[in-house]
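Enquirer: Please see the structure below; I have some questions.
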Amino acid sequence: MDSPRCLLVTAALAATLAGVLLAPPPGAVAAPAADLPQPNAVRERDASREASTAAGAPFSATAEALGAQTPRLDRPGGYPRRTELDAPPVNPADKSMKLGLAPYHSLAPRLNALQELSDRVSVEVAGHSAGGHELYLVTVTAPESAGQAREQERMRERIENHPAAAAGDRRIKAAYKTPVFINNNIHGNEWEGTDAALGLIEELAKAKDAKTADLLAKNRIHLNVTANPDGRIAGTRANSGGFDLNRDFITATQPETRAIRQIAIDKQPAVMLDLHGYVNGTLIEPTTPPHGENYEYDLFLKNAYANALGMEKAVNGLGYTADKDGVRPAVIPFRDQQEGWDDWPPVFTPQYMPFHGSVASHTIEFPMVVNNNAYNTLPAQELRRRAAINTDIAGAAMRATLDHTHRHRTSVIADQIETFRRGAAGEAQRPVSAETVPGVPGIGPEDVFTTEFPRAYVIPAGAGQRSATAAARLVDHLVANDVRVERAVTSFRLAGRSYRAGSYIVDMHQPKRGIANVILADGRDISADVGAMYDISGWSLGLLWGADVDPVASGALRVPARSVHAAAPTGHVAPHGDLKLRLDDAKELAALNSLLEQGVRVRRADDGSAIVPGSARGRAGILADRLGVAFRATEEKGTTVLRRTRVAAAVTPGELFALREMGFAVVPVSTSSMNAGFDWSQADVLYVSSGLDHAELTPAARAAFEKSGVGVVGLGEQGAAFNKAAALLDVTAGAGNGDANGVVRVRNEGGAITGGAPAHTFVYSPLWFTALGDRVRVDQSYGTGNPLVSGHWRARENGTGGPGDAAGRASVVSGTSAAGAPVALFGTEPLFRAHPKGVFAQIGRALLAR
């Protein structure tokens with residue numbers, strides 16, 4: 001932190017940081033030119049198939065239970081809000097210390113000292129990481145009485161829920177404090193935002209000038225000091241569960257993500273920064289096309305571009321140069337690049353925030369690489385020099401944003417209100433143009449992405465609903481994202497269709513229609529719009545979470561309904577006879593695995609369902625209540641006795657999480673663990689998708705696997721390669737474009753794996769299977785024509801690998817090997833990042849077929 005624009009730590013604060021080096025030593029050497037990223041360096045891609053074998057902590061709670069652990073942050077009372085943080089034990093292995101940055105264990109003492117130093121500083125615990133570390137949310141603002149804080153909350157609520165009235169509210173214009181949110185260190189080995197935030201907090205806490213006093217009188221600055229303490233400590237991009245948190249928005253599997261989501265809802269930031277590394281020169285969003293079609297993008301671009309210009313000026317004004325320091329001038333992708341750094345998917349933090357009112361949100365990528373290979377090979381002195389520059393640049397971006405927001409606070413809040421007003425009124429979006437966004441150069445037709453919002457969505461109840469369990473999960477997820485949902489109190493008709501009482505209605509005339517549409521809409525095929533995407537391009541929860549969802553294009557909504565804060569219970573147990581549990585959903589698999597773990601004798605029916613003896617009715621009742629699953633009366637006896645499946649899994653972190661969410665007993669394996677002598681008596685099935693290469697196994701490891709006789713479930717390129725090398729199923733795998741991803745139509749053939757499965761699934765680097773041998777059956781095929789519903793899937797330059805090559809081909813096959821072992825192969829991604837929950841069961845059912 002000992003860089004030109006960083007303040008010195010006070011003696012009182014320094015005392016709390018004994019033994020922690022915060023400044024690079026003098027005489028650091030200049031960065032070698034060869035180590036600098038190229039000018040248009042692209043962010044690290046999340047290559048799911050290249051992820052190392054997951055070895056996360058055992059799954060111990062459902063996502064819903066973990067969500068309940070995230071506190072709301074709109075507690076009563078004024079500011080300051082004193083929280084005496086417990087200091088973690090000193091951890092000499094904390095990776096940040098090598099860089100001269102603040103280790104996690106130093107944060108609590110430092111924040112405690114800052115609260116003592118100034119009545120402008122308040123600290124709250126926003127939640128806990130996957131590894132159990134506290135997440136510190138700091139608010140810096142002028143002191144407020146309890147009454148003043150209540151008035152701020154009333155104005156915040158009025159802006160969201162009554163935006164038309166808020167637009168003319170003089171009190172809001174005069175007295176509402178503009179919320180600014182600064183999110184730091186969401187990638188654990190991109191450290192420096194945390195240290196810049198600490199410097200900013202101290203500066204604002206100590207400043208005596210009138211400008212700072214006015215800033216804090218009219219703004220609230222919220223800082224998530226480290227969004228990923230697990231990764232900060234370990235020096236990893238992911239959290240301790242192996243998740244890239246900046247890909248988890250919309251799904252929100254991880255507690256850190258849910259904590260940020262709650263901050264977005266409770267604080268309603270108008271402006272937001274997300275601090276990252278490392279791109280040289282400093283990258284400052286807004287982005288290249290395509291732009292998210294559910295945004296009020298004209299309002300967003302107006303504010304984001306203006307703020308980006310201010311940050312660019314501040315960063316370049318620090319005086320770092322390429323020749324002297326290795327630092328190139330800042331880059332604004334919207335202005336300086338054509339494509340490859342888009343804001344299309346709402347899985348990133350800054351791309352999620354606009355749905356909760358941010359009219360300017362930015363990823364900032366500071367320039368000097370200090371992680372991965374650089375961390376392990378460069379001298380500590382050089383790493384500290386680089387980290388100090390990054391901290392300086394992050395601080396400059398923060399201060400420029402506060403200055404811009406303060407100077408334009410009236411228009412920023414007016415545009416936030418207008419965002420919500422358009423949604424509530426059901427107005428059409430305004431396409432960006434030189435007229436609608438004056439002052440932003442270079443706007444062209446390639447920047448125009450809008451959508452036609454439906455009048456409503458209906459999530460049917462009763463016979464019109466594929467899965468009441470999945471529907472309830474979807475409703476709860478909508479509510480968790482602050483979407484208004486109602487439940488019909490009588491039967492009704494809409495758009496020519498009849499619906500039962502108890503059906504859920506999402507009226508799209510609501511302030512947060514954007515996030516509602518993100519979650520429920522099919523999405524769009526953008527393959528023709530751009531040549532390359534940065535990350536995924538399709539994500540529809542309406543198609544992938546297992547519930548039937550009906551869009552209603554237009555018409556009046558005259559349905560007697562009540563607002564809901566949670567889905568109605570869906571659990572049921574028939575009072576007499578044996579019980580049938582369908583296995584169409586992850587929660588139903590979890591219920592089955594729980595019964596099997598308890599020693600209940602369960603049989604499998606021909607359609608893949610589970611037949612549970614009536615003697616287990618009491619246990620079934622507990623699971624029905626806890627998981628919301630239904631046990632129906634049946635006279636079927638089933639054919640095959642099921643046993644609890646022990647899975648040896650060479651998988652990605654998202655897949656490991658999903659397997660444990662379904663209740664499977666999982667032992668992670670890899671090429672190295674098998675070569676070390678894996679004990680196959682621990683496993684019934686081998687699941688291969690990542691981290692296991694048959695060609696790299698020793699002869700002894702291959703022989704041990706062959707002797708085990710375990711079944712195999714293979715997914716994607718590595719699963720298909722393992723199948724071929726081990727001579728299991730006689731099939732030929734065809735590969736699509738490696739960057740292709742999205743939601744696809746499929747045809748399910750029924751049976752044990754895909755019976756009753758949804759008509760859509762997810763693909764990433766899709767595969768298909770041809771030349772099927774005698775012992776192979778097709779369980780699922782890609783749709784005919786163009787199977788892609790939403791996403792990005794182009795053919796390669798030579799014309800191969802496009803969706804036309806996959807059309808009608810087998811996407812899931814199964815059979816038996818020559819040795820008699822059951823095998824299933826997937827060319828799809830049913831567990832991708834633990835996201836497409838409605839198709840988890842296909843993998844679960846394949847694992848049971850042994």
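Please note that chains go A, B, ... in the order of the structure tokens, that every chain numbers its residues from 1, and that ligands are numbered from 1 in the order shown.
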Give the alpha helix (DSSP H) residues of range 738-850 of chain A, as assigned by DSSP on the backbone, as a PyMOL selection string.
Expert: chain A and resi 751-754+803-806+840-848
Enquirer: Residues as selected, C-alpha atoms, written as an mmCIF file, in the first residue's frame, can you do that?
Expert:
data_model
loop_
_atom_site.group_PDB
_atom_site.id
_atom_site.type_symbol
_atom_site.label_atom_id
_atom_site.label_comp_id
_atom_site.auth_asym_id
_atom_site.auth_seq_id
_atom_site.Cartn_x
_atom_site.Cartn_y
_atom_site.Cartn_z
ATOM 1 C CA GLY A 751 -36.837 -45.991 -19.701
ATOM 2 C CA ALA A 752 -34.675 -45.975 -16.622
ATOM 3 C CA ILE A 753 -32.573 -42.899 -17.426
ATOM 4 C CA THR A 754 -34.784 -40.421 -19.274
ATOM 5 C CA PRO A 803 -26.050 -27.811 -34.333
ATOM 6 C CA GLY A 804 -27.076 -29.281 -37.686
ATOM 7 C CA ASP A 805 -24.532 -32.066 -37.220
ATOM 8 C CA ALA A 806 -26.069 -32.915 -33.845
ATOM 9 C CA PHE A 840 -29.901 -33.619 -12.520
ATOM 10 C CA ALA A 841 -32.043 -36.716 -12.209
ATOM 11 C CA GLN A 842 -30.829 -38.109 -15.533
ATOM 12 C CA ILE A 843 -27.350 -38.536 -14.060
ATOM 13 C CA GLY A 844 -28.798 -39.773 -10.780
ATOM 14 C CA ARG A 845 -30.879 -42.430 -12.492
ATOM 15 C CA ALA A 846 -27.930 -43.503 -14.634
ATOM 16 C CA LEU A 847 -25.862 -44.003 -11.475
ATOM 17 C CA LEU A 848 -28.591 -46.238 -10.047
#
Enquirer: Which residues are near range 605-622 of chain A? Cut-off 10 Å, only C-alpha atoms, ignore same chain within fewer than 5 positions. Put them as a short mmCIF file (atom, residue, chain, number, x, y, z; two decimals) with all heavy atoms, in the first residue's frame.
Expert:
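Final output, saved to part.cif:
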data_model
loop_
_atom_site.label_atom_id
_atom_site.label_comp_id
_atom_site.auth_asym_id
_atom_site.auth_seq_id
_atom_site.Cartn_x
_atom_site.Cartn_y
_atom_site.Cartn_z
N GLY A 571 -45.04 -31.65 -0.24
CA GLY A 571 -44.82 -33.01 0.22
C GLY A 571 -46.14 -33.75 0.44
O GLY A 571 -47.15 -33.17 0.85
N HIS A 572 -46.12 -35.05 0.16
CA HIS A 572 -47.33 -35.86 0.32
C HIS A 572 -46.93 -37.32 0.50
O HIS A 572 -45.99 -37.81 -0.15
CB HIS A 572 -48.22 -35.73 -0.92
CG HIS A 572 -49.36 -36.71 -0.94
ND1 HIS A 572 -50.49 -36.55 -0.17
CD2 HIS A 572 -49.53 -37.87 -1.64
CE1 HIS A 572 -51.32 -37.56 -0.39
NE2 HIS A 572 -50.75 -38.37 -1.28
N VAL A 573 -47.66 -38.01 1.37
CA VAL A 573 -47.49 -39.45 1.55
C VAL A 573 -48.87 -40.08 1.57
O VAL A 573 -49.74 -39.69 2.37
CB VAL A 573 -46.74 -39.79 2.86
CG1 VAL A 573 -46.62 -41.30 3.01
CG2 VAL A 573 -45.38 -39.15 2.89
N ALA A 574 -49.10 -41.04 0.68
CA ALA A 574 -50.39 -41.74 0.65
C ALA A 574 -50.61 -42.48 1.96
O ALA A 574 -49.67 -43.05 2.54
CB ALA A 574 -50.42 -42.73 -0.52
N PRO A 575 -51.85 -42.50 2.46
CA PRO A 575 -52.10 -43.07 3.79
C PRO A 575 -52.09 -44.59 3.85
O PRO A 575 -51.98 -45.16 4.93
CB PRO A 575 -53.49 -42.52 4.14
CG PRO A 575 -54.15 -42.28 2.82
CD PRO A 575 -53.06 -41.86 1.89
N HIS A 576 -52.20 -45.26 2.70
CA HIS A 576 -52.28 -46.72 2.72
C HIS A 576 -51.44 -47.32 1.60
O HIS A 576 -51.19 -46.69 0.58
CB HIS A 576 -53.74 -47.18 2.54
CG HIS A 576 -54.70 -46.60 3.53
ND1 HIS A 576 -54.68 -46.94 4.87
CD2 HIS A 576 -55.68 -45.67 3.38
CE1 HIS A 576 -55.62 -46.25 5.50
NE2 HIS A 576 -56.24 -45.47 4.62
N GLY A 577 -51.00 -48.56 1.82
CA GLY A 577 -50.34 -49.33 0.78
C GLY A 577 -48.89 -48.95 0.57
O GLY A 577 -48.31 -48.12 1.28
N ASP A 578 -48.31 -49.62 -0.44
CA ASP A 578 -46.94 -49.28 -0.81
C ASP A 578 -46.92 -47.92 -1.52
O ASP A 578 -47.95 -47.40 -1.94
CB ASP A 578 -46.35 -50.36 -1.71
CG ASP A 578 -46.06 -51.65 -0.95
OD1 ASP A 578 -45.97 -51.59 0.29
OD2 ASP A 578 -45.93 -52.71 -1.60
N LEU A 579 -45.71 -47.38 -1.67
CA LEU A 579 -45.56 -46.00 -2.13
C LEU A 579 -44.68 -45.94 -3.38
O LEU A 579 -43.69 -46.67 -3.48
CB LEU A 579 -44.93 -45.15 -1.02
CG LEU A 579 -45.63 -45.19 0.34
CD1 LEU A 579 -44.76 -44.54 1.40
CD2 LEU A 579 -46.99 -44.52 0.25
N LYS A 580 -45.05 -45.04 -4.28
CA LYS A 580 -44.27 -44.84 -5.49
C LYS A 580 -43.66 -43.44 -5.45
O LYS A 580 -44.36 -42.44 -5.29
CB LYS A 580 -45.14 -44.99 -6.73
CG LYS A 580 -44.35 -44.90 -8.04
CD LYS A 580 -45.24 -45.26 -9.23
CE LYS A 580 -44.44 -45.29 -10.53
NZ LYS A 580 -45.24 -45.74 -11.68
N LEU A 581 -42.35 -43.39 -5.59
CA LEU A 581 -41.62 -42.13 -5.63
C LEU A 581 -41.02 -41.96 -7.01
O LEU A 581 -40.14 -42.73 -7.42
CB LEU A 581 -40.51 -42.14 -4.58
CG LEU A 581 -39.55 -40.95 -4.57
CD1 LEU A 581 -40.27 -39.66 -4.15
CD2 LEU A 581 -38.36 -41.21 -3.64
N ARG A 582 -41.52 -40.98 -7.76
CA ARG A 582 -40.91 -40.71 -9.05
C ARG A 582 -39.51 -40.14 -8.83
O ARG A 582 -39.27 -39.47 -7.83
CB ARG A 582 -41.76 -39.74 -9.86
CG ARG A 582 -43.10 -40.33 -10.30
CD ARG A 582 -43.64 -39.58 -11.50
NE ARG A 582 -42.72 -39.60 -12.62
CZ ARG A 582 -42.61 -40.61 -13.49
NH1 ARG A 582 -43.35 -41.70 -13.35
NH2 ARG A 582 -41.75 -40.53 -14.50
N LEU A 583 -38.63 -40.40 -9.76
CA LEU A 583 -37.26 -39.90 -9.65
C LEU A 583 -36.99 -38.92 -10.80
O LEU A 583 -36.09 -39.10 -11.60
CB LEU A 583 -36.27 -41.07 -9.68
CG LEU A 583 -36.45 -42.10 -8.57
CD1 LEU A 583 -35.43 -43.23 -8.71
CD2 LEU A 583 -36.34 -41.45 -7.20
N ASP A 584 -37.82 -37.86 -10.81
CA ASP A 584 -37.72 -36.85 -11.86
C ASP A 584 -36.97 -35.61 -11.41
O ASP A 584 -36.74 -34.71 -12.22
CB ASP A 584 -39.12 -36.42 -12.32
CG ASP A 584 -39.89 -37.55 -12.98
OD1 ASP A 584 -39.24 -38.46 -13.53
OD2 ASP A 584 -41.13 -37.52 -12.94
N GLU A 588 -36.08 -35.75 -5.23
CA GLU A 588 -36.59 -37.12 -5.16
C GLU A 588 -35.44 -38.12 -5.09
O GLU A 588 -35.53 -39.13 -4.37
CB GLU A 588 -37.49 -37.38 -6.37
CG GLU A 588 -38.79 -36.58 -6.29
CD GLU A 588 -39.53 -36.46 -7.60
OE1 GLU A 588 -38.92 -36.68 -8.67
OE2 GLU A 588 -40.73 -36.12 -7.56
N LEU A 589 -34.35 -37.84 -5.80
CA LEU A 589 -33.15 -38.68 -5.66
C LEU A 589 -32.61 -38.60 -4.25
O LEU A 589 -32.17 -39.60 -3.66
CB LEU A 589 -32.09 -38.25 -6.66
CG LEU A 589 -32.02 -38.95 -8.03
CD1 LEU A 589 -31.72 -40.43 -7.88
CD2 LEU A 589 -33.29 -38.74 -8.82
N ALA A 591 -34.30 -38.02 -1.54
CA ALA A 591 -35.20 -38.79 -0.67
C ALA A 591 -34.90 -40.29 -0.81
O ALA A 591 -34.83 -41.01 0.20
CB ALA A 591 -36.65 -38.49 -1.02
N LEU A 592 -34.75 -40.75 -2.04
CA LEU A 592 -34.43 -42.17 -2.24
C LEU A 592 -33.13 -42.54 -1.56
O LEU A 592 -33.06 -43.56 -0.85
CB LEU A 592 -34.33 -42.46 -3.74
CG LEU A 592 -33.75 -43.84 -4.09
CD1 LEU A 592 -34.67 -44.94 -3.62
CD2 LEU A 592 -33.49 -43.93 -5.59
N SER A 594 -31.67 -41.19 0.91
CA SER A 594 -31.83 -41.18 2.36
C SER A 594 -32.49 -42.47 2.84
O SER A 594 -32.07 -43.07 3.84
CB SER A 594 -32.67 -39.97 2.78
OG SER A 594 -32.87 -39.97 4.18
N LEU A 595 -33.52 -42.93 2.14
CA LEU A 595 -34.17 -44.18 2.51
C LEU A 595 -33.21 -45.36 2.39
O LEU A 595 -33.16 -46.24 3.26
CB LEU A 595 -35.40 -44.41 1.63
CG LEU A 595 -36.59 -43.47 1.84
CD1 LEU A 595 -37.63 -43.68 0.76
CD2 LEU A 595 -37.21 -43.68 3.22
N GLN A 598 -30.86 -45.53 5.17
CA GLN A 598 -31.49 -46.01 6.40
C GLN A 598 -31.83 -47.50 6.34
O GLN A 598 -32.41 -48.04 7.29
CB GLN A 598 -32.77 -45.21 6.66
CG GLN A 598 -32.54 -43.74 6.91
CD GLN A 598 -33.85 -42.98 7.05
OE1 GLN A 598 -34.62 -43.20 7.99
NE2 GLN A 598 -34.12 -42.09 6.11
N VAL A 600 -33.87 -49.06 4.11
CA VAL A 600 -35.19 -49.39 3.58
C VAL A 600 -35.02 -50.17 2.27
O VAL A 600 -34.20 -49.78 1.42
CB VAL A 600 -36.03 -48.11 3.35
CG1 VAL A 600 -37.37 -48.46 2.69
CG2 VAL A 600 -36.25 -47.38 4.66
N LEU A 627 -38.28 -32.31 2.09
CA LEU A 627 -37.85 -32.10 0.72
C LEU A 627 -38.97 -31.72 -0.24
O LEU A 627 -38.70 -31.34 -1.38
CB LEU A 627 -37.16 -33.37 0.19
CG LEU A 627 -35.89 -33.80 0.93
CD1 LEU A 627 -35.42 -35.16 0.43
CD2 LEU A 627 -34.79 -32.76 0.74
N GLY A 628 -40.21 -31.81 0.21
CA GLY A 628 -41.33 -31.44 -0.65
C GLY A 628 -41.60 -32.44 -1.75
O GLY A 628 -42.09 -32.07 -2.82
N VAL A 629 -41.33 -33.73 -1.52
CA VAL A 629 -41.56 -34.76 -2.52
C VAL A 629 -42.83 -35.52 -2.19
O VAL A 629 -43.30 -35.53 -1.05
CB VAL A 629 -40.36 -35.72 -2.62
CG1 VAL A 629 -39.11 -34.95 -3.02
CG2 VAL A 629 -40.13 -36.45 -1.31
N ALA A 630 -43.37 -36.21 -3.21
CA ALA A 630 -44.65 -36.91 -3.06
C ALA A 630 -44.45 -38.42 -3.18
O ALA A 630 -43.82 -38.90 -4.13
CB ALA A 630 -45.63 -36.43 -4.11
N PHE A 631 -45.00 -39.15 -2.22
CA PHE A 631 -45.03 -40.61 -2.24
C PHE A 631 -46.49 -41.01 -2.51
O PHE A 631 -47.36 -40.86 -1.65
CB PHE A 631 -44.56 -41.20 -0.91
CG PHE A 631 -43.11 -40.97 -0.60
CD1 PHE A 631 -42.68 -39.79 -0.02
CD2 PHE A 631 -42.16 -41.94 -0.88
CE1 PHE A 631 -41.35 -39.57 0.29
CE2 PHE A 631 -40.82 -41.73 -0.59
CZ PHE A 631 -40.41 -40.55 0.00
N ARG A 632 -46.76 -41.50 -3.72
CA ARG A 632 -48.12 -41.86 -4.13
C ARG A 632 -48.39 -43.33 -3.86
O ARG A 632 -47.48 -44.16 -3.85
CB ARG A 632 -48.32 -41.58 -5.63
CG ARG A 632 -47.92 -40.18 -6.07
CD ARG A 632 -48.86 -39.13 -5.54
NE ARG A 632 -48.50 -37.80 -6.03
CZ ARG A 632 -49.07 -36.68 -5.63
NH1 ARG A 632 -50.04 -36.73 -4.72
NH2 ARG A 632 -48.69 -35.51 -6.10
N ALA A 633 -49.66 -43.66 -3.70
CA ALA A 633 -50.05 -45.05 -3.51
C ALA A 633 -49.83 -45.84 -4.79
O ALA A 633 -50.03 -45.32 -5.90
CB ALA A 633 -51.51 -45.13 -3.08
N THR A 634 -49.40 -47.08 -4.66
CA THR A 634 -49.16 -47.91 -5.84
C THR A 634 -49.37 -49.38 -5.50
O THR A 634 -49.24 -49.79 -4.34
CB THR A 634 -47.73 -47.71 -6.36
OG1 THR A 634 -47.56 -48.44 -7.58
CG2 THR A 634 -46.69 -48.19 -5.35
N GLU A 635 -49.68 -50.15 -6.53
CA GLU A 635 -49.74 -51.60 -6.40
C GLU A 635 -48.58 -52.26 -7.13
O GLU A 635 -48.46 -53.48 -7.12
CB GLU A 635 -51.08 -52.12 -6.95
CG GLU A 635 -52.28 -51.65 -6.13
CD GLU A 635 -53.58 -52.24 -6.63
OE1 GLU A 635 -53.54 -52.98 -7.66
OE2 GLU A 635 -54.64 -51.96 -6.03
N GLU A 636 -47.75 -51.45 -7.76
CA GLU A 636 -46.56 -51.99 -8.42
C GLU A 636 -45.60 -52.56 -7.38
O GLU A 636 -45.50 -52.05 -6.27
CB GLU A 636 -45.85 -50.90 -9.22
CG GLU A 636 -46.60 -50.38 -10.42
CD GLU A 636 -45.77 -49.37 -11.20
OE1 GLU A 636 -44.68 -49.73 -11.68
OE2 GLU A 636 -46.22 -48.22 -11.32
N LYS A 637 -44.89 -53.59 -7.77
CA LYS A 637 -43.92 -54.22 -6.86
C LYS A 637 -42.47 -53.91 -7.23
O LYS A 637 -41.57 -54.11 -6.43
CB LYS A 637 -44.14 -55.74 -6.84
CG LYS A 637 -45.50 -56.15 -6.33
CD LYS A 637 -45.76 -55.60 -4.92
CE LYS A 637 -47.13 -56.00 -4.41
NZ LYS A 637 -47.42 -55.37 -3.09
N GLY A 638 -42.26 -53.43 -8.46
CA GLY A 638 -40.89 -53.16 -8.88
C GLY A 638 -40.19 -54.44 -9.30
O GLY A 638 -40.66 -55.54 -9.04
N THR A 639 -39.06 -54.27 -9.94
CA THR A 639 -38.35 -55.43 -10.48
C THR A 639 -36.96 -55.61 -9.89
O THR A 639 -36.54 -56.74 -9.65
CB THR A 639 -38.21 -55.28 -12.01
OG1 THR A 639 -37.57 -54.03 -12.30
CG2 THR A 639 -39.58 -55.29 -12.68
N THR A 640 -36.27 -54.54 -9.62
CA THR A 640 -34.88 -54.61 -9.19
C THR A 640 -34.72 -53.98 -7.83
O THR A 640 -35.19 -52.86 -7.58
CB THR A 640 -33.95 -53.87 -10.19
OG1 THR A 640 -34.18 -54.39 -11.50
CG2 THR A 640 -32.50 -54.04 -9.81
N VAL A 641 -34.05 -54.67 -6.94
CA VAL A 641 -33.77 -54.10 -5.62
C VAL A 641 -32.66 -53.06 -5.76
O VAL A 641 -31.62 -53.33 -6.37
CB VAL A 641 -33.34 -55.20 -4.63
CG1 VAL A 641 -32.93 -54.58 -3.30
CG2 VAL A 641 -34.48 -56.19 -4.41
N LEU A 642 -32.92 -51.88 -5.22
CA LEU A 642 -31.95 -50.81 -5.28
C LEU A 642 -31.07 -50.82 -4.03
O LEU A 642 -31.54 -51.12 -2.93
CB LEU A 642 -32.65 -49.45 -5.39
CG LEU A 642 -33.41 -49.20 -6.70
CD1 LEU A 642 -34.21 -47.90 -6.60
CD2 LEU A 642 -32.43 -49.13 -7.87
N GLY A 750 -37.61 -42.53 -23.01
CA GLY A 750 -38.20 -43.24 -21.89
C GLY A 750 -37.22 -44.22 -21.28
O GLY A 750 -36.04 -44.25 -21.60
N GLY A 751 -37.70 -45.01 -20.33
CA GLY A 751 -36.84 -45.99 -19.70
C GLY A 751 -36.21 -45.48 -18.42
O GLY A 751 -36.60 -44.44 -17.88
N ALA A 752 -35.22 -46.19 -17.96
CA ALA A 752 -34.68 -45.98 -16.62
C ALA A 752 -33.95 -44.65 -16.47
O ALA A 752 -33.90 -44.09 -15.39
CB ALA A 752 -33.73 -47.12 -16.26
N ILE A 753 -33.37 -44.11 -17.55
CA ILE A 753 -32.57 -42.90 -17.43
C ILE A 753 -33.36 -41.64 -17.76
O ILE A 753 -33.29 -40.64 -17.02
CB ILE A 753 -31.31 -42.99 -18.31
CG1 ILE A 753 -30.39 -44.11 -17.80
CG2 ILE A 753 -30.56 -41.66 -18.33
CD1 ILE A 753 -29.15 -44.32 -18.63
N THR A 754 -34.13 -41.65 -18.83
CA THR A 754 -34.78 -40.42 -19.27
C THR A 754 -36.30 -40.49 -19.27
O THR A 754 -36.95 -39.59 -19.81
CB THR A 754 -34.30 -40.03 -20.68
OG1 THR A 754 -34.65 -41.08 -21.61
CG2 THR A 754 -32.80 -39.79 -20.70
N GLY A 755 -36.88 -41.53 -18.69
CA GLY A 755 -38.33 -41.58 -18.60
C GLY A 755 -38.88 -40.38 -17.83
O GLY A 755 -38.49 -40.13 -16.70
N GLY A 756 -39.78 -39.60 -18.46
CA GLY A 756 -40.36 -38.45 -17.79
C GLY A 756 -39.47 -37.23 -17.72
O GLY A 756 -39.82 -36.24 -17.06
N ARG A 845 -30.27 -41.15 -12.10
CA ARG A 845 -30.88 -42.43 -12.49
C ARG A 845 -29.87 -43.32 -13.22
O ARG A 845 -29.91 -44.55 -13.08
CB ARG A 845 -32.11 -42.15 -13.34
CG ARG A 845 -33.25 -41.58 -12.50
CD ARG A 845 -34.36 -40.95 -13.32
NE ARG A 845 -35.12 -41.94 -14.07
CZ ARG A 845 -36.36 -41.74 -14.51
NH1 ARG A 845 -36.97 -40.59 -14.24
NH2 ARG A 845 -36.98 -42.66 -15.19
N ALA A 846 -28.97 -42.71 -13.98
CA ALA A 846 -27.93 -43.50 -14.63
C ALA A 846 -27.02 -44.15 -13.61
O ALA A 846 -26.58 -45.29 -13.77
CB ALA A 846 -27.12 -42.62 -15.58
N LEU A 848 -27.87 -45.15 -10.70
CA LEU A 848 -28.59 -46.24 -10.05
C LEU A 848 -28.66 -47.49 -10.91
O LEU A 848 -28.88 -48.59 -10.40
CB LEU A 848 -30.01 -45.80 -9.70
CG LEU A 848 -30.15 -44.70 -8.65
CD1 LEU A 848 -31.61 -44.25 -8.56
CD2 LEU A 848 -29.66 -45.17 -7.29
N ALA A 849 -28.50 -47.33 -12.22
CA ALA A 849 -28.64 -48.45 -13.15
C ALA A 849 -27.35 -49.24 -13.21
O ALA A 849 -26.56 -49.13 -14.14
CB ALA A 849 -29.03 -47.94 -14.53
#
Enquirer: Please identify all polymer residues within 12 Å of Asn371 in chain A, counting only C-alpha atoms, omitting same-chain residues fewer than 4 positions from it, and present them as an MDAnalysis selection string.
Expert: chainID A and resid 44 95:96 98:99 187:192 231:232 234:237 276:278 367 375:378 380 383:384 386:387
Enquirer: For the residues in the current selection, export C-alpha atoms as a compact mmCIF listing (two decimals), in the first residue's frame.
Expert:
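Produced file result_32.txt, reproduced below:
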# COMPACT_ATOMS: atom_id res chain seq x y z
CA GLU A 44 -9.59 -16.48 -17.70
CA LYS A 95 -1.26 -16.49 0.49
CA SER A 96 -1.88 -12.73 0.50
CA LYS A 98 3.66 -12.94 0.19
CA LEU A 99 2.31 -9.99 -1.80
CA HIS A 187 -11.89 -14.30 -7.19
CA GLY A 188 -9.69 -15.26 -4.28
CA ASN A 189 -6.37 -14.91 -6.09
CA GLU A 190 -7.22 -11.44 -7.37
CA TRP A 191 -6.45 -9.85 -4.06
CA GLU A 192 -5.83 -6.12 -4.29
CA GLY A 231 -9.83 -18.20 -1.96
CA ARG A 232 -7.94 -15.21 -0.53
CA ALA A 234 -5.66 -20.35 -0.23
CA GLY A 235 -4.62 -18.27 -3.24
CA THR A 236 -7.28 -19.84 -5.44
CA ARG A 237 -9.76 -18.33 -7.86
CA HIS A 276 -10.64 -8.13 -10.46
CA GLY A 277 -7.29 -8.85 -12.12
CA TYR A 278 -5.40 -9.13 -14.35
CA PRO A 367 -3.13 -4.80 -14.80
CA TYR A 375 2.96 -15.98 -7.84
CA ASN A 376 5.09 -19.12 -7.86
CA THR A 377 7.99 -17.88 -9.98
CA LEU A 378 8.53 -14.16 -9.46
CA ALA A 380 8.52 -11.55 -3.61
CA LEU A 383 5.21 -9.37 -6.63
CA ARG A 384 4.86 -6.67 -3.97
CA ARG A 386 3.01 -5.20 -8.77
CA ALA A 387 0.47 -5.64 -5.98
Enquirer: Pro333 in chain A: which residues within 7 Å, counting only C-alpha atoms, same-chain residues fewer than 4 positions away excluded, as a PyMOL selection string?
Expert: chain A and resi 285-288+337+341
Enquirer: Give me every strand (DSSP E or B) residue in range 57-302 of chain A, going by DSSP on the backbone, as JSON, numbers by chain.
Expert: {"A": [79, 121, 122, 123, 124, 125, 126, 127, 128, 134, 135, 136, 137, 138, 139, 140, 144, 178, 179, 180, 181, 182, 183, 184, 219, 220, 221, 222, 223, 224, 271, 272, 273, 274, 275, 276, 277, 283, 284, 288, 289, 290, 291]}
